[in-house]
$ cat data-v4.tsv   # TSV, C-alpha atoms
chain	number	residue	atom	x	y	z
A	1	MET	CA	150.13	122.58	119.12
A	2	ASP	CA	148.01	119.48	119.66
A	3	PHE	CA	146.49	116.89	117.32
A	4	ASN	CA	143.08	118.61	117.44
A	5	SER	CA	144.49	121.57	115.51
A	6	LEU	CA	145.81	119.48	112.58
A	7	GLY	CA	142.48	118.86	110.84
A	8	LEU	CA	142.31	115.11	111.45
A	9	SER	CA	139.02	113.22	111.54
A	10	PRO	CA	137.32	112.68	114.92
A	11	GLN	CA	137.86	108.93	114.54
A	12	ILE	CA	141.63	109.40	114.20
A	13	LEU	CA	141.73	111.86	117.08
A	14	LYS	CA	140.00	109.30	119.29
A	15	ALA	CA	142.43	106.53	118.26
A	16	VAL	CA	145.48	108.79	118.70
A	17	SER	CA	144.28	109.88	122.12
A	18	GLN	CA	143.66	106.29	123.16
A	19	LYS	CA	147.24	105.41	122.17
A	20	GLY	CA	148.41	108.14	124.56
A	21	TYR	CA	149.72	110.62	122.01
A	22	ASN	CA	149.07	114.22	123.00
A	23	THR	CA	151.49	116.37	121.06
A	24	PRO	CA	152.44	115.89	117.41
A	25	SER	CA	156.09	115.55	116.50
A	26	PRO	CA	157.70	118.17	114.22
A	27	ILE	CA	157.34	115.92	111.14
A	28	GLN	CA	153.65	115.42	111.96
A	29	GLU	CA	153.07	119.15	112.49
A	30	GLN	CA	154.56	119.90	109.08
A	31	ALA	CA	153.34	116.97	107.00
A	32	ILE	CA	149.76	116.40	108.15
A	33	PRO	CA	148.32	119.84	107.28
A	34	ALA	CA	150.12	119.86	103.92
A	35	VAL	CA	148.80	116.45	102.91
A	36	LEU	CA	145.28	117.28	104.05
A	37	LYS	CA	145.43	120.33	101.75
A	38	GLY	CA	146.14	117.96	98.86
A	39	GLN	CA	149.87	118.56	98.60
A	40	ASP	CA	152.36	115.80	97.91
A	41	VAL	CA	154.94	115.36	100.64
A	42	MET	CA	158.38	113.80	100.66
A	43	ALA	CA	159.76	113.53	104.18
A	44	ALA	CA	162.92	112.27	105.80
A	45	ALA	CA	163.34	111.97	109.54
A	46	GLN	CA	164.93	109.64	112.04
A	47	THR	CA	163.26	106.43	113.15
A	48	GLY	CA	160.77	107.01	115.94
A	49	THR	CA	159.73	110.52	114.92
A	50	GLY	CA	156.20	109.60	113.87
A	51	LYS	CA	156.44	109.47	110.08
A	52	THR	CA	154.27	106.35	109.85
A	53	ALA	CA	151.59	107.82	112.09
A	54	ALA	CA	151.67	111.01	110.01
A	55	PHE	CA	150.94	109.29	106.71
A	56	LEU	CA	148.46	106.84	108.22
A	57	ALA	CA	146.50	109.59	109.99
A	58	THR	CA	146.19	111.58	106.78
A	59	ILE	CA	145.24	108.53	104.70
A	60	ILE	CA	142.54	107.50	107.15
A	61	THR	CA	141.22	111.05	107.45
A	62	GLU	CA	141.03	111.38	103.65
A	63	LEU	CA	139.26	108.05	103.22
A	64	VAL	CA	136.78	108.76	106.03
A	65	ASN	CA	136.05	112.29	104.80
A	66	ASN	CA	135.65	111.17	101.18
A	67	PRO	CA	133.71	107.90	101.17
A	68	VAL	CA	133.26	105.97	97.94
A	69	GLU	CA	130.10	107.10	96.18
A	70	ASP	CA	129.85	104.19	93.77
A	71	ASP	CA	130.59	100.47	94.00
A	72	TYR	CA	134.05	99.14	94.44
A	73	PHE	CA	135.12	95.57	94.76
A	74	ALA	CA	137.45	93.29	96.67
A	75	GLY	CA	141.03	93.74	95.53
A	76	GLU	CA	140.55	97.43	94.69
A	77	ALA	CA	142.60	99.34	97.25
A	78	ARG	CA	141.83	103.01	97.81
A	79	ALA	CA	145.24	103.62	99.42
A	80	LEU	CA	148.45	101.71	98.69
A	81	ILE	CA	151.49	101.72	100.95
A	82	ILE	CA	154.59	99.98	99.63
A	83	ALA	CA	157.41	99.12	102.02
A	84	PRO	CA	160.62	97.16	101.40
A	85	THR	CA	160.36	94.39	104.02
A	86	ARG	CA	157.79	91.99	105.40
A	87	GLU	CA	158.50	93.19	108.93
A	88	LEU	CA	157.90	96.83	108.03
A	89	VAL	CA	154.71	95.98	106.14
A	90	MET	CA	153.38	94.06	109.14
A	91	GLN	CA	154.27	96.94	111.48
A	92	ILE	CA	152.56	99.53	109.24
A	93	ALA	CA	149.47	97.33	108.78
A	94	GLY	CA	149.23	96.83	112.55
A	95	ASP	CA	149.49	100.58	113.17
A	96	ALA	CA	146.89	101.21	110.46
A	97	LYS	CA	144.46	98.75	112.05
A	98	ASP	CA	144.94	100.47	115.42
A	99	LEU	CA	144.25	103.90	113.92
A	100	CYS	CA	141.25	102.59	111.93
A	101	LYS	CA	139.68	101.25	115.12
A	102	TYR	CA	136.82	103.76	115.08
A	103	THR	CA	136.17	103.60	111.34
A	104	ASN	CA	134.77	101.02	108.93
A	105	LEU	CA	137.99	101.00	106.91
A	106	LYS	CA	139.62	97.67	106.11
A	107	VAL	CA	143.39	97.14	106.08
A	108	HIS	CA	145.08	94.28	104.21
A	109	SER	CA	148.72	93.32	103.90
A	110	LEU	CA	150.52	91.35	101.22
A	111	VAL	CA	153.98	89.96	101.94
A	112	GLY	CA	156.23	87.25	100.64
A	113	GLY	CA	157.08	84.27	102.81
A	114	MET	CA	153.45	83.79	103.83
A	115	ASP	CA	150.75	81.63	102.27
A	116	TYR	CA	149.70	83.23	98.96
A	117	ASP	CA	146.29	81.53	98.85
A	118	LYS	CA	145.47	82.57	102.41
A	119	GLN	CA	146.33	86.20	101.59
A	120	LYS	CA	144.27	85.93	98.41
A	121	ARG	CA	141.21	84.56	100.25
A	122	TYR	CA	141.41	87.30	102.88
A	123	LEU	CA	141.73	89.95	100.17
A	124	HIS	CA	138.74	88.59	98.26
A	125	ASP	CA	136.53	88.09	101.32
A	126	SER	CA	136.24	91.80	102.14
A	127	LEU	CA	136.80	95.21	100.68
A	128	CYS	CA	140.25	96.74	100.92
A	129	ASP	CA	140.58	100.40	101.79
A	130	ILE	CA	144.26	100.40	102.73
A	131	LEU	CA	146.67	97.89	101.21
A	132	VAL	CA	150.18	97.58	102.65
A	133	ALA	CA	152.54	95.44	100.57
A	134	THR	CA	156.09	94.55	99.70
A	135	PRO	CA	156.95	95.27	96.05
A	136	GLY	CA	157.46	91.65	95.00
A	137	ARG	CA	154.24	90.33	96.51
A	138	LEU	CA	152.29	93.30	95.14
A	139	LEU	CA	153.61	92.49	91.65
A	140	ASP	CA	152.60	88.83	92.13
A	141	PHE	CA	149.03	89.80	93.07
A	142	ALA	CA	148.71	92.45	90.36
A	143	GLY	CA	150.10	90.06	87.75
A	144	SER	CA	147.55	87.39	88.62
A	145	ASN	CA	144.69	89.96	88.60
A	146	ASP	CA	144.00	89.55	92.30
A	147	VAL	CA	144.76	93.22	93.03
A	148	TYR	CA	143.59	96.13	90.92
A	149	LEU	CA	145.28	99.49	91.29
A	150	ASP	CA	143.12	101.51	88.87
A	151	ARG	CA	141.04	102.91	91.76
A	152	THR	CA	143.97	103.76	94.03
A	153	GLU	CA	143.66	107.34	95.27
A	154	ILE	CA	146.68	107.55	97.59
A	155	LEU	CA	150.20	106.13	97.24
A	156	VAL	CA	152.89	106.01	99.91
A	157	LEU	CA	156.38	104.71	99.22
A	158	ASP	CA	157.84	104.09	102.66
A	159	GLU	CA	161.62	103.87	102.75
A	160	ALA	CA	161.72	104.47	98.99
A	161	ASP	CA	165.50	104.92	99.14
A	162	ARG	CA	165.88	101.33	100.36
A	163	MET	CA	163.61	100.02	97.62
A	164	LEU	CA	165.62	101.88	94.97
A	165	ASP	CA	168.85	100.36	96.29

$ encode --input "data-v4.tsv" --output "structure tokens"
Amino acid sequence: MDFNSLGLSPQILKAVSQKGYNTPSPIQEQAIPAVLKGQDVMAAAQTGTGKTAAFLATIITELVNNPVEDDYFAGEARALIIAPTRELVMQIAGDAKDLCKYTNLKVHSLVGGMDYDKQKRYLHDSLCDILVATPGRLLDFAGSNDVYLDRTEILVLDEADRMLD
């Protein structure tokens, strides 16, 4: 099996190919088609097996294939990814930006320990398709009405077991 047979958007296929990935991992083979059919997926696999790429590829494909028909505004994320640590959020956001390279999708990250006002300005200066955030900073932004989650179409809880601990 190759990535072309998974139903991903041409933009994702181009980005994946450019990163040098040719063959999907077992978690990607199982999860990507299920998610693209509209099914919810809960997956557990070892680090380095491609879980992040699997959920990012499906998110980006969904957002590209289903563009917003009406207006949406800064601070209204279409996809929300919550991760437990700043480092993981930054890694996911970086991977998302790489995979969005051939799209018009915008990725934003919100993490503690970084300038709140700078994050707020960046969030308000452009639309937000994919928002990657730590729980605490997301609550800060939602509580101050700088992020609105009423238009969120996709939710990913990465390392949910760690967040529940």

$ closest_atom_pairs --input "data-v4.tsv" --of "region 7-123 of chain A" --to "region 158-162 of chain A" --cutoff "9 Å" --atoms "all atoms listed in the file" --output "tab-separated table"
residue	atom	partner	partner_atom	distance
A:Thr52	CA	A:Asp158	CA	8.3
A:Ile81	CA	A:Asp158	CA	7.0
A:Ile82	CA	A:Asp158	CA	6.1
A:Ala83	CA	A:Asp158	CA	5.0
A:Pro84	CA	A:Arg162	CA	6.8

$ residues_near_point --input "data-v4.tsv" --point "(159.8, 85.0, 96.8)" --cutoff "10 Å" --atoms "only C-alpha atoms" --output "number ranges by chain"
A: 111-114, 136-137, 140

$ atom_distance --input "data-v4.tsv" --atom1 "CA of Ser109 (chain A)" --atom2 "CA of Gly7 (chain A)"
27.2 Å

$ closest_residue --input "data-v4.tsv" --among "A:Phe141, A:Phe3, A:Tyr122, A:Phe55" --to "Ala43 (chain A)" --atoms "only C-alpha atoms"
A:Phe55

$ closest_residue --input "data-v4.tsv" --among "A:Val68, A:Thr61, A:Pro33, A:Gln46" --to "Thr103 (chain A)" --atoms "all atoms listed in the file"
A:Thr61

$ atom_distance --input "data-v4.tsv" --atom1 "CA of Lys19 (chain A)" --atom2 "CA of Asp98 (chain A)"
8.7 Å

$ closest_residue --input "data-v4.tsv" --among "A:Met163, A:Leu13, A:Thr134, A:Cys128" --to "Thr85 (chain A)" --atoms "all atoms listed in the file"
A:Thr134

$ residues_around --input "data-v4.tsv" --residues "Leu149 (chain A)" --least-positions-apart "4" --cutoff "9 Å" --atoms "only C-alpha atoms" --output "list of chain:residue names"
A:Gly75, A:Glu76, A:Ala77, A:Arg78, A:Leu80, A:Ala142, A:Glu153

$ closest_residue --input "data-v4.tsv" --among "A:Asn22, A:Ile12, A:Asp2, A:Leu56" --to "Tyr102 (chain A)" --atoms "all atoms listed in the file"
A:Ile12

$ atom_distance --input "data-v4.tsv" --atom1 "CA of Leu155 (chain A)" --atom2 "CA of Ala79 (chain A)"
6.0 Å

$ closest_residue --input "data-v4.tsv" --among "A:Arg86, A:Asn104, A:Asp165, A:Ala74" --to "Ser126 (chain A)" --atoms "all atoms listed in the file"
A:Ala74

$ closest_residue --input "data-v4.tsv" --among "A:Val35, A:Val147, A:Leu88, A:Leu139" --to "His124 (chain A)" --atoms "all atoms listed in the file"
A:Val147

$ axis_aligned_box --input "data-v4.tsv" --around "region 96-113 of chain A" --padding-each-side "4 Å" --output "JSON"
{"center_x": 145.9, "center_y": 94.1, "center_z": 108.0, "size_x": 30.3, "size_y": 27.6, "size_z": 22.8}
